[in-house]
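Below: my_file.tsv (TSV, C-alpha atoms)
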chain	number	residue	atom	x	y	z
A	167	MET	CA	-19.54	12.50	22.40
A	168	SER	CA	-15.79	11.94	22.13
A	169	PHE	CA	-13.69	8.93	23.12
A	170	GLU	CA	-12.16	11.13	25.81
A	171	ARG	CA	-15.57	11.81	27.40
A	172	LEU	CA	-16.57	8.14	27.36
A	173	TRP	CA	-13.15	7.22	28.74
A	174	HIS	CA	-13.52	9.74	31.55
A	175	ILE	CA	-16.92	8.36	32.52
A	176	TYR	CA	-15.59	4.80	32.32
A	177	GLN	CA	-12.64	5.59	34.56
A	178	LYS	CA	-14.74	7.39	37.14
A	179	GLN	CA	-17.96	5.34	37.16
A	180	GLY	CA	-17.34	2.12	35.24
A	181	PHE	CA	-18.62	0.53	32.06
A	182	LEU	CA	-22.34	0.67	32.83
A	183	ALA	CA	-22.23	4.42	33.31
A	184	ALA	CA	-20.30	4.86	30.05
A	185	ALA	CA	-22.80	2.67	28.19
A	186	GLN	CA	-25.65	4.88	29.43
A	187	ALA	CA	-23.98	8.05	28.14
A	188	SER	CA	-26.06	7.97	24.93
A	189	PRO	CA	-23.45	7.39	22.21
A	190	THR	CA	-24.58	8.86	18.89
A	191	THR	CA	-22.16	7.43	16.31
A	192	ALA	CA	-21.02	4.02	15.14
A	193	LEU	CA	-17.50	4.83	16.31
A	194	GLU	CA	-18.72	5.58	19.83
A	195	ASP	CA	-20.70	2.32	19.92
A	196	PHE	CA	-17.60	0.46	18.81
A	197	TYR	CA	-15.51	2.13	21.50
A	198	LEU	CA	-18.04	0.94	24.06
A	199	ALA	CA	-17.77	-2.56	22.56
A	200	ILE	CA	-14.02	-2.43	23.23
A	201	LEU	CA	-14.59	-1.30	26.81
A	202	ALA	CA	-17.14	-4.10	27.31
A	203	PHE	CA	-14.68	-6.65	25.93
A	204	SER	CA	-11.94	-5.40	28.26
A	205	GLU	CA	-14.37	-5.99	31.14
A	206	GLN	CA	-15.17	-9.51	29.81
A	207	GLN	CA	-18.77	-8.52	29.17
A	208	PHE	CA	-18.78	-10.35	25.88
A	209	THR	CA	-22.51	-10.36	25.15
A	210	GLU	CA	-22.66	-6.59	25.58
A	211	ALA	CA	-19.55	-6.21	23.44
A	212	ALA	CA	-21.11	-8.26	20.64
A	213	ASP	CA	-24.36	-6.27	20.80
A	214	LEU	CA	-22.51	-2.95	20.65
A	215	ALA	CA	-20.27	-4.03	17.78
A	216	ARG	CA	-23.32	-5.27	15.87
A	217	ARG	CA	-25.00	-1.90	16.45
A	218	ALA	CA	-21.90	-0.10	15.17
A	219	ALA	CA	-21.81	-2.33	12.09
A	220	GLY	CA	-25.49	-1.62	11.48
A	221	GLN	CA	-24.86	2.13	11.51
A	222	ALA	CA	-21.83	1.82	9.22
A	223	PRO	CA	-22.45	-1.28	7.05
A	224	ALA	CA	-19.57	-0.46	4.69
A	225	ASP	CA	-17.04	-0.49	7.53
A	226	LEU	CA	-15.11	-3.77	7.26
A	227	LEU	CA	-13.60	-3.50	10.72
A	228	PHE	CA	-16.95	-3.10	12.46
A	229	SER	CA	-18.56	-6.03	10.60
A	230	GLN	CA	-15.62	-8.37	11.14
A	231	ALA	CA	-15.41	-7.41	14.81
A	232	ALA	CA	-19.15	-8.01	15.27
A	233	THR	CA	-18.75	-11.52	13.81
A	234	TYR	CA	-15.78	-12.25	16.03
A	235	LEU	CA	-17.36	-10.92	19.21
A	236	GLN	CA	-20.51	-12.95	18.62
A	237	ARG	CA	-18.33	-16.05	18.50
A	238	VAL	CA	-16.55	-14.96	21.69
A	239	ALA	CA	-19.90	-14.46	23.41
A	240	THR	CA	-21.10	-17.89	22.27
A	241	GLU	CA	-17.97	-20.02	22.52
A	242	GLY	CA	-15.73	-18.15	24.94
A	243	PRO	CA	-12.51	-16.31	24.07
A	244	GLN	CA	-10.25	-19.34	24.45
A	245	ASN	CA	-11.88	-21.12	21.50
A	246	VAL	CA	-11.71	-18.35	18.91
A	247	TYR	CA	-8.15	-17.10	19.05
A	248	VAL	CA	-5.48	-17.10	16.34
A	249	SER	CA	-5.56	-20.05	13.93
A	250	GLY	CA	-2.58	-21.52	12.10
A	251	ASP	CA	-4.38	-21.23	8.78
A	252	GLY	CA	-5.32	-17.62	9.47
A	253	PHE	CA	-1.75	-16.66	10.30
A	254	ALA	CA	-0.35	-18.52	7.28
A	255	ALA	CA	-2.74	-16.70	4.95
A	256	PHE	CA	-1.91	-13.40	6.63
A	257	VAL	CA	1.88	-13.59	6.57
A	258	ARG	CA	2.17	-14.54	2.91
A	259	ALA	CA	-0.15	-11.93	1.45
A	260	GLY	CA	-1.02	-8.25	1.71
A	261	GLY	CA	1.66	-5.89	2.92
A	262	ASN	CA	3.72	-8.76	4.24
A	263	ILE	CA	4.89	-9.52	0.69
A	264	PRO	CA	6.74	-6.22	0.15
A	265	LEU	CA	7.69	-6.07	3.84
A	266	TYR	CA	9.59	-9.36	3.69
A	267	GLU	CA	10.95	-8.66	0.22
A	268	GLN	CA	12.52	-5.46	1.48
A	269	THR	CA	13.72	-7.12	4.69
A	270	SER	CA	15.41	-9.97	2.82
A	271	ALA	CA	16.97	-7.56	0.33
A	272	ALA	CA	18.43	-5.47	3.15
A	273	LEU	CA	19.88	-8.54	4.86
A	274	ARG	CA	21.39	-9.79	1.61
A	275	GLN	CA	23.02	-6.41	1.05
A	276	VAL	CA	24.76	-6.70	4.42
A	277	TYR	CA	25.93	-10.27	3.77
A	278	GLN	CA	27.51	-9.15	0.51
A	279	GLU	CA	29.82	-6.80	2.41
A	280	TYR	CA	31.77	-9.83	3.69
A	281	ASP	CA	34.12	-12.28	2.00
A	282	THR	CA	32.84	-14.96	4.37
A	283	LEU	CA	30.73	-14.70	7.48
A	284	SER	CA	29.19	-16.65	10.33
A	285	LEU	CA	25.52	-15.89	10.96
A	286	LEU	CA	23.12	-16.49	13.86
A	287	ASP	CA	19.43	-15.96	13.07
A	288	VAL	CA	17.40	-15.34	16.24
A	289	GLY	CA	13.75	-16.31	15.83
A	290	VAL	CA	14.17	-17.53	12.26
A	291	GLY	CA	10.60	-18.88	12.07
A	292	ASP	CA	10.04	-20.76	8.84
A	293	GLY	CA	12.76	-18.78	7.07
A	294	LEU	CA	10.56	-16.17	5.41
A	295	ALA	CA	13.20	-13.45	5.80
A	296	LEU	CA	16.34	-15.60	5.83
A	297	LEU	CA	15.93	-17.94	2.88
A	298	PRO	CA	15.63	-15.31	0.11
A	299	ALA	CA	18.52	-13.36	1.65
A	300	LEU	CA	21.15	-16.09	1.84
A	301	THR	CA	24.34	-15.68	-0.15
A	302	GLY	CA	27.06	-18.20	-0.88
A	303	ASN	CA	29.57	-16.52	1.44
A	304	VAL	CA	27.62	-17.50	4.58
A	305	ARG	CA	29.94	-20.26	5.72
A	306	GLN	CA	28.53	-20.93	9.17
A	307	LEU	CA	24.80	-20.68	9.85
A	308	HIS	CA	23.08	-21.15	13.20
A	309	LEU	CA	19.30	-21.04	13.54
A	310	LEU	CA	17.47	-20.28	16.79
A	311	GLU	CA	13.70	-20.74	16.99
A	312	PRO	CA	11.37	-21.75	19.85
A	313	SER	CA	8.81	-23.38	17.52
A	314	ALA	CA	9.94	-26.88	16.58
A	315	ALA	CA	7.52	-27.03	13.64
A	316	MET	CA	8.78	-23.79	12.12
A	317	LEU	CA	12.41	-24.68	12.72
A	318	GLU	CA	11.91	-28.01	10.99
A	319	LYS	CA	10.53	-26.26	7.90
A	320	THR	CA	13.53	-23.96	7.69
A	321	VAL	CA	16.03	-26.78	8.12
A	322	ALA	CA	14.26	-28.81	5.42
A	323	ALA	CA	14.30	-25.85	3.02
A	324	LEU	CA	18.01	-25.37	3.60
A	325	LYS	CA	18.76	-29.06	3.09
A	326	ALA	CA	16.88	-28.93	-0.21
A	327	ARG	CA	19.41	-26.30	-1.26
A	328	GLY	CA	22.33	-28.33	0.06
A	329	ILE	CA	22.94	-25.91	2.93
A	330	GLN	CA	23.86	-27.25	6.36
A	331	ALA	CA	22.96	-25.33	9.50
A	332	GLU	CA	23.14	-25.81	13.24
A	333	ALA	CA	19.63	-25.54	14.61
A	334	THR	CA	18.56	-24.94	18.21
A	335	CYS	CA	14.95	-25.10	19.36
A	336	ALA	CA	14.84	-22.65	22.27
A	337	THR	CA	13.98	-19.10	23.19
A	338	LEU	CA	16.69	-16.48	23.03
A	339	GLN	CA	16.58	-16.21	26.81
A	340	GLU	CA	17.20	-19.95	27.18
A	341	PHE	CA	19.93	-19.91	24.56
A	342	ALA	CA	21.75	-16.94	26.08
A	343	ALA	CA	21.70	-18.55	29.54
A	344	THR	CA	23.61	-21.64	28.38
A	345	ARG	CA	25.49	-20.75	25.21
A	346	THR	CA	28.42	-18.56	24.32
A	347	GLY	CA	29.86	-18.02	20.90
A	348	ARG	CA	30.98	-15.42	18.43
A	349	TRP	CA	29.28	-14.61	15.15
A	350	ASP	CA	30.11	-12.01	12.53
A	351	VAL	CA	26.42	-11.14	12.22
A	352	ILE	CA	23.48	-11.83	14.49
A	353	GLN	CA	20.07	-10.99	13.05
A	354	ALA	CA	16.58	-10.86	14.51
A	355	THR	CA	13.68	-10.12	12.18
A	356	TYR	CA	10.54	-9.07	14.07
A	357	SER	CA	11.42	-11.37	16.97
A	358	LEU	CA	13.02	-9.20	19.67
A	359	GLN	CA	9.67	-7.53	20.39
A	360	SER	CA	8.90	-10.63	22.47
A	361	LEU	CA	11.50	-9.52	25.05
A	362	SER	CA	9.99	-7.80	28.05
A	363	PRO	CA	11.56	-4.48	29.12
A	364	SER	CA	13.08	-6.17	32.17
A	365	GLU	CA	14.75	-8.87	30.06
A	366	ARG	CA	15.94	-6.64	27.25
A	367	PRO	CA	19.07	-5.00	28.75
A	368	ALA	CA	20.78	-8.29	29.63
A	369	ILE	CA	19.89	-9.88	26.29
A	370	LEU	CA	21.12	-6.89	24.30
A	371	LYS	CA	24.37	-7.00	26.24
A	372	TRP	CA	24.72	-10.72	25.44
A	373	LEU	CA	24.09	-9.99	21.78
A	374	ARG	CA	26.82	-7.35	21.83
A	375	GLU	CA	29.27	-9.73	23.46
A	376	CYS	CA	28.53	-12.53	20.98
A	377	GLY	CA	28.01	-10.61	17.76
A	378	ARG	CA	30.33	-8.26	15.95
A	379	ARG	CA	27.27	-6.83	14.23
A	380	LEU	CA	23.59	-6.99	15.13
A	381	LEU	CA	20.79	-6.52	12.62
A	382	ILE	CA	17.30	-5.96	14.04
A	383	ALA	CA	14.20	-5.59	11.89
A	384	GLU	CA	11.41	-4.06	13.95
A	385	PHE	CA	8.45	-1.72	13.77
A	386	ASP	CA	8.55	1.87	14.95
A	387	ALA	CA	5.46	1.33	17.06
A	388	PRO	CA	4.08	3.48	19.87
A	389	THR	CA	3.73	2.22	23.41
A	390	PHE	CA	0.53	2.59	25.40
A	391	ASN	CA	0.29	2.59	29.17
A	392	GLU	CA	-3.47	2.20	29.67
A	393	ILE	CA	-5.62	-0.47	28.02
A	394	ALA	CA	-8.45	1.03	25.92
A	395	ALA	CA	-7.32	4.62	26.46
A	396	PRO	CA	-8.44	6.90	23.60
A	397	ALA	CA	-4.95	7.29	22.11
A	398	GLN	CA	-4.47	3.51	21.97
A	399	VAL	CA	-7.92	2.87	20.49
A	400	THR	CA	-7.58	5.61	17.87
A	401	TYR	CA	-4.23	4.29	16.67
A	402	ILE	CA	-5.28	0.65	16.63
A	403	LEU	CA	-8.58	1.21	14.83
A	404	GLU	CA	-6.97	3.38	12.16
A	405	ARG	CA	-4.19	0.86	11.55
A	406	TYR	CA	-6.42	-2.21	11.49
A	407	GLN	CA	-8.70	-0.51	9.00
A	408	ARG	CA	-5.67	-0.37	6.71
A	409	GLY	CA	-4.61	-3.92	7.46
A	410	LEU	CA	-8.02	-5.46	6.80
A	411	ALA	CA	-8.27	-3.58	3.50
A	412	GLU	CA	-5.20	-5.46	2.26
A	413	TYR	CA	-7.02	-8.79	2.63
A	414	SER	CA	-10.34	-8.13	0.95
A	415	GLY	CA	-9.98	-11.06	-1.49
A	416	LEU	CA	-10.94	-14.70	-1.19
A	417	GLU	CA	-9.07	-15.30	2.08
A	418	GLY	CA	-10.11	-12.03	3.69
A	419	ASP	CA	-12.48	-13.65	6.19
A	420	LEU	CA	-9.90	-16.28	7.12
A	421	VAL	CA	-7.26	-13.65	7.80
A	422	ALA	CA	-9.69	-11.41	9.67
A	423	GLN	CA	-11.33	-14.07	11.87
A	424	GLY	CA	-8.30	-16.33	12.20
A	425	PHE	CA	-5.70	-13.69	12.92
A	426	LEU	CA	-6.20	-9.94	12.60
A	427	ILE	CA	-9.35	-9.43	14.67
A	428	PRO	CA	-8.30	-11.78	17.50
A	429	VAL	CA	-4.92	-10.04	17.68
A	430	MET	CA	-6.57	-6.62	17.67
A	431	PHE	CA	-8.84	-7.50	20.58
A	432	GLY	CA	-5.90	-9.07	22.36
A	433	ASN	CA	-4.70	-5.51	22.91
A	434	PHE	CA	-7.75	-4.96	25.12
A	435	ASP	CA	-7.70	-8.24	27.06
A	436	ARG	CA	-6.88	-7.46	30.69
A	437	THR	CA	-6.64	-11.15	31.60
A	438	ALA	CA	-3.97	-12.18	29.07
A	439	ALA	CA	-0.26	-12.09	29.80
A	440	ARG	CA	1.63	-9.90	27.37
A	441	THR	CA	3.77	-11.61	24.73
A	442	ASN	CA	4.62	-8.53	22.67
A	443	TYR	CA	6.56	-5.45	23.77
A	444	GLU	CA	6.90	-3.24	20.72
A	445	GLN	CA	8.46	0.15	21.19
A	446	PRO	CA	9.47	3.24	19.20
A	447	LEU	CA	12.59	3.13	17.05
A	448	GLN	CA	14.36	5.76	19.16
A	449	ARG	CA	14.06	3.55	22.22
A	450	TRP	CA	15.64	0.61	20.39
A	451	VAL	CA	18.54	2.83	19.36
A	452	ALA	CA	19.01	4.19	22.89
A	453	GLU	CA	18.93	0.73	24.47
A	454	LEU	CA	21.46	-0.64	21.97
A	455	LYS	CA	23.84	2.20	22.77
A	456	THR	CA	23.37	1.55	26.48
A	457	ALA	CA	24.22	-2.11	25.85
A	458	GLY	CA	27.58	-1.01	24.46
A	459	PHE	CA	27.12	-0.85	20.70
A	460	GLN	CA	29.31	1.97	19.40
A	461	THR	CA	27.53	2.60	16.12
A	462	VAL	CA	23.77	2.28	15.70
A	463	GLU	CA	22.15	3.24	12.40
A	464	SER	CA	18.66	2.64	11.05
A	465	ARG	CA	16.96	2.74	7.68
A	466	LEU	CA	13.37	2.46	6.57
A	467	LEU	CA	12.45	-0.92	5.15
A	468	TYR	CA	8.77	-0.52	4.36
A	469	PRO	CA	5.79	1.67	5.42
A	470	TYR	CA	3.82	-1.27	6.79
A	471	TRP	CA	0.15	-0.80	7.73
A	472	TRP	CA	0.75	-1.30	11.45
A	473	ALA	CA	3.86	0.85	11.73
A	474	GLU	CA	6.89	1.67	9.62
A	475	ALA	CA	9.44	-1.16	9.60
A	476	TYR	CA	13.13	-0.36	10.03
A	477	LEU	CA	16.41	-2.22	9.87
A	478	ILE	CA	18.59	-1.27	12.82
A	479	ASP	CA	22.29	-1.92	12.19
A	480	ALA	CA	24.34	-1.97	15.41
A	481	GLN	CA	28.09	-2.58	15.56
A	482	ALA	CA	30.23	-3.09	18.62

Structure translated into structure tokens:
Amino acid sequence: MSFERLWHIYQKQGFLAAAQASPTTALEDFYLAILAFSEQQFTEAADLARRAAGQAPADLLFSQAATYLQRVATEGPQNVYVSGDGFAAFVRAGGNIPLYEQTSAALRQVYQEYDTLSLLDVGVGDGLALLPALTGNVRQLHLLEPSAAMLEKTVAALKARGIQAEATCATLQEFAATRTGRWDVIQATYSLQSLSPSERPAILKWLRECGRRLLIAEFDAPTFNEIAAPAQVTYILERYQRGLAEYSGLEGDLVAQGFLIPVMFGNFDRTAARTNYEQPLQRWVAELKTAGFQTVESRLLYPYWWAEAYLIDAQA
């Protein structure tokens, strides 16, 4: 039985009817586990994921998901979400190493086109992309980051190098509402995906007005309109299989249970407010042109496991 058939039954008759449709493969059991999770039937979700893992014991995704869902069923979803340690282990290993190496190299290449430049980094985080990219011709540096802890780390790292920077702890929306300025380059590495579609046009227009050049590093990711629809599930499962395989070493369980698996199931949580609005590359390009950027070019940075990462270079 295909995902499409189970999805059709689920849409017409609900989860119980889909669960009684006699799935015959581990993949079908796992799809039912996702549907159960989306309906907050966590015990059923854990049982189905465990059954899928039993049918395909070599499948890392099924086994890690079964472990996670058992914890959700026992402790509740609010107690088993992303951990700081899990994210830290994730972001500094696996495909993130070449991803950020290529991102920093691309940023540095742009900086070197200038004799001197002023730079605003939107969503700088702890400086993973910025710090390796910095060149001596960056004369004015402004950091924007909503996490005080991450911003403090970046400022400390810069001070250790003898580099002074203006730092603002705020979201881009808050900053744009109260601040005007003019920078030679504004950059945002994997941070603008937090903008909702309704917020994006005004923010992109502000970025055009305040930046002579805008550099955006983002993923060319698909958008999905229905939670747990077959197309969404197929894409997510295939991609997370790849992602988990990159962390099969000593910290694999930490990354899986503390970050990757909770984030994966977050895609199917109907009760959670969205915090991520990824979209295809072509839509980014179209929206930047609508905001008034005259030239918008893009180049591949790295074929990341989730989606290909691109640097979008927009000039007013």

> If we count all atoms listed in the file, what is near range 399-412 of chain A at a cut-off of 7 Å, once residues fewer than 2 positions away on the same chain are taken out, given as a list of chain:residue names?
Replying inline: A:Leu227, A:Gly260, A:Gly261, A:Ala394, A:Ala395, A:Pro396, A:Ala397, A:Ser414, A:Ala422, A:Trp471, A:Trp472

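When all atoms listed in the file are used to measure the gap to Ile427 in chain A, the shortest distance among A:Leu265, A:Leu300, A:Leu226, A:Ala322 belongs to A:Leu226.
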
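When only C-alpha atoms are used to measure the gap to Arg345 in chain A, the shortest distance among A:Cys376, A:Trp450, A:Met316, A:Ala224 belongs to A:Cys376.
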
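Here CA of Ile352 in chain A is placed at a distance of 18.2 Å from CA of Leu324 in chain A.
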
>> One decimal, in Å: what's the spacing between CA of Glu463 in chain A and CA of Leu447 in chain A?
In response: 10.6 Å

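Pairwise distance (CA of Ala387 in chain A, CA of Gln268 in chain A) equals 18.4 Å.
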
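Proximity to Ser249 in chain A was assessed for A:Leu466, A:Ala438, A:Val421, A:Ile478 counting only C-alpha atoms; the smallest distance is recorded for A:Val421.
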
> Could you name the residues that touch Thr190 in chain A at 12 Å or less, counting only C-alpha atoms, but leaving out those on the same chain fewer than 2 positions away, as JSON, numbers by chain?
Replying inline: {"A": [167, 168, 169, 172, 185, 186, 187, 188, 192, 193, 194, 195, 196, 197, 198, 217, 218, 221]}

>> Measuring between only C-alpha atoms, which one of A:Ala183, A:Val288, A:Ala259, A:Val248 shows the shortest distance to Cys335 in chain A?
In response: A:Val288

>> So that I can check the surroundings of range 235-246 of chain A, please list as JSON, numbers by chain every protein, DNA and RNA residue that reaches within 7 Å of it, counting only C-alpha atoms and ignoring chain neighbours fewer than 5 positions away.
In response: {"A": [208, 209, 211, 212]}

For the residues in the current selection, export C-alpha atoms as a PDB file, in the frame of the given file.
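Once written, out_4.pdb looks like this:
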ATOM      1  CA  PHE A 208     -18.780 -10.350  25.880  1.00  0.00           C
ATOM      2  CA  THR A 209     -22.510 -10.360  25.150  1.00  0.00           C
ATOM      3  CA  ALA A 211     -19.550  -6.210  23.440  1.00  0.00           C
ATOM      4  CA  ALA A 212     -21.110  -8.260  20.640  1.00  0.00           C
TER       5      ALA A 212
END

> Which neighbours of Glu267 in chain A fall inside 10 Å, counting all atoms listed in the file, when residues of the same chain fewer than 5 positions from it are skipped, and could you give them as a list in words?
Replying inline: Asn262, Ala272, Leu294, Ala295, Pro298, Ala299, Leu467 and Tyr468 of chain A

Restrict the selected residues to C-alpha atoms and save them as a compact mmCIF listing (two decimals), in the coordinates of the input.
# COMPACT_ATOMS: atom_id res chain seq x y z
CA ASN A 262 3.72 -8.76 4.24
CA ALA A 272 18.43 -5.47 3.15
CA LEU A 294 10.56 -16.17 5.41
CA ALA A 295 13.20 -13.45 5.80
CA PRO A 298 15.63 -15.31 0.11
CA ALA A 299 18.52 -13.36 1.65
CA LEU A 467 12.45 -0.92 5.15
CA TYR A 468 8.77 -0.52 4.36

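Using all atoms listed in the file, the smallest distance between any of A:Asn303, A:Thr269, A:Gln339, A:Gln230 and Tyr356 in chain A comes from A:Thr269.
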
> So which residues are close to (15.8, -19.1, 21.7), meaning at most 7 Å away in the file's coordinates with only C-alpha atoms counted, and can you show them as a ChimeraX atom specification?
Replying inline: /A:288-289,310-312,335-341

Would you be able to write out as a PDB file with C-alpha atoms, in the frame of the given file which residues have an atom within 12 Å of (16.7, -7.2, 15.1) in the file's coordinates, counting all atoms listed in the file?
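Result file result_34.pdb:
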ATOM      1  CA  THR A 269      13.720  -7.120   4.690  1.00  0.00           C
ATOM      2  CA  LEU A 273      19.880  -8.540   4.860  1.00  0.00           C
ATOM      3  CA  LEU A 286      23.120 -16.490  13.860  1.00  0.00           C
ATOM      4  CA  ASP A 287      19.430 -15.960  13.070  1.00  0.00           C
ATOM      5  CA  VAL A 288      17.400 -15.340  16.240  1.00  0.00           C
ATOM      6  CA  GLY A 289      13.750 -16.310  15.830  1.00  0.00           C
ATOM      7  CA  VAL A 290      14.170 -17.530  12.260  1.00  0.00           C
ATOM      8  CA  ALA A 295      13.200 -13.450   5.800  1.00  0.00           C
ATOM      9  CA  VAL A 351      26.420 -11.140  12.220  1.00  0.00           C
ATOM     10  CA  ILE A 352      23.480 -11.830  14.490  1.00  0.00           C
ATOM     11  CA  GLN A 353      20.070 -10.990  13.050  1.00  0.00           C
ATOM     12  CA  ALA A 354      16.580 -10.860  14.510  1.00  0.00           C
ATOM     13  CA  THR A 355      13.680 -10.120  12.180  1.00  0.00           C
ATOM     14  CA  TYR A 356      10.540  -9.070  14.070  1.00  0.00           C
ATOM     15  CA  SER A 357      11.420 -11.370  16.970  1.00  0.00           C
ATOM     16  CA  LEU A 358      13.020  -9.200  19.670  1.00  0.00           C
ATOM     17  CA  GLN A 359       9.670  -7.530  20.390  1.00  0.00           C
ATOM     18  CA  SER A 360       8.900 -10.630  22.470  1.00  0.00           C
ATOM     19  CA  LEU A 361      11.500  -9.520  25.050  1.00  0.00           C
ATOM     20  CA  ILE A 369      19.890  -9.880  26.290  1.00  0.00           C
ATOM     21  CA  LEU A 370      21.120  -6.890  24.300  1.00  0.00           C
ATOM     22  CA  LEU A 373      24.090  -9.990  21.780  1.00  0.00           C
ATOM     23  CA  ARG A 379      27.270  -6.830  14.230  1.00  0.00           C
ATOM     24  CA  LEU A 380      23.590  -6.990  15.130  1.00  0.00           C
ATOM     25  CA  LEU A 381      20.790  -6.520  12.620  1.00  0.00           C
ATOM     26  CA  ILE A 382      17.300  -5.960  14.040  1.00  0.00           C
ATOM     27  CA  ALA A 383      14.200  -5.590  11.890  1.00  0.00           C
ATOM     28  CA  GLU A 384      11.410  -4.060  13.950  1.00  0.00           C
ATOM     29  CA  PHE A 385       8.450  -1.720  13.770  1.00  0.00           C
ATOM     30  CA  GLU A 444       6.900  -3.240  20.720  1.00  0.00           C
ATOM     31  CA  LEU A 447      12.590   3.130  17.050  1.00  0.00           C
ATOM     32  CA  TRP A 450      15.640   0.610  20.390  1.00  0.00           C
ATOM     33  CA  VAL A 451      18.540   2.830  19.360  1.00  0.00           C
ATOM     34  CA  LEU A 454      21.460  -0.640  21.970  1.00  0.00           C
ATOM     35  CA  VAL A 462      23.770   2.280  15.700  1.00  0.00           C
ATOM     36  CA  SER A 464      18.660   2.640  11.050  1.00  0.00           C
ATOM     37  CA  ALA A 475       9.440  -1.160   9.600  1.00  0.00           C
ATOM     38  CA  TYR A 476      13.130  -0.360  10.030  1.00  0.00           C
ATOM     39  CA  LEU A 477      16.410  -2.220   9.870  1.00  0.00           C
ATOM     40  CA  ILE A 478      18.590  -1.270  12.820  1.00  0.00           C
ATOM     41  CA  ASP A 479      22.290  -1.920  12.190  1.00  0.00           C
ATOM     42  CA  ALA A 480      24.340  -1.970  15.410  1.00  0.00           C
TER      43      ALA A 480
END
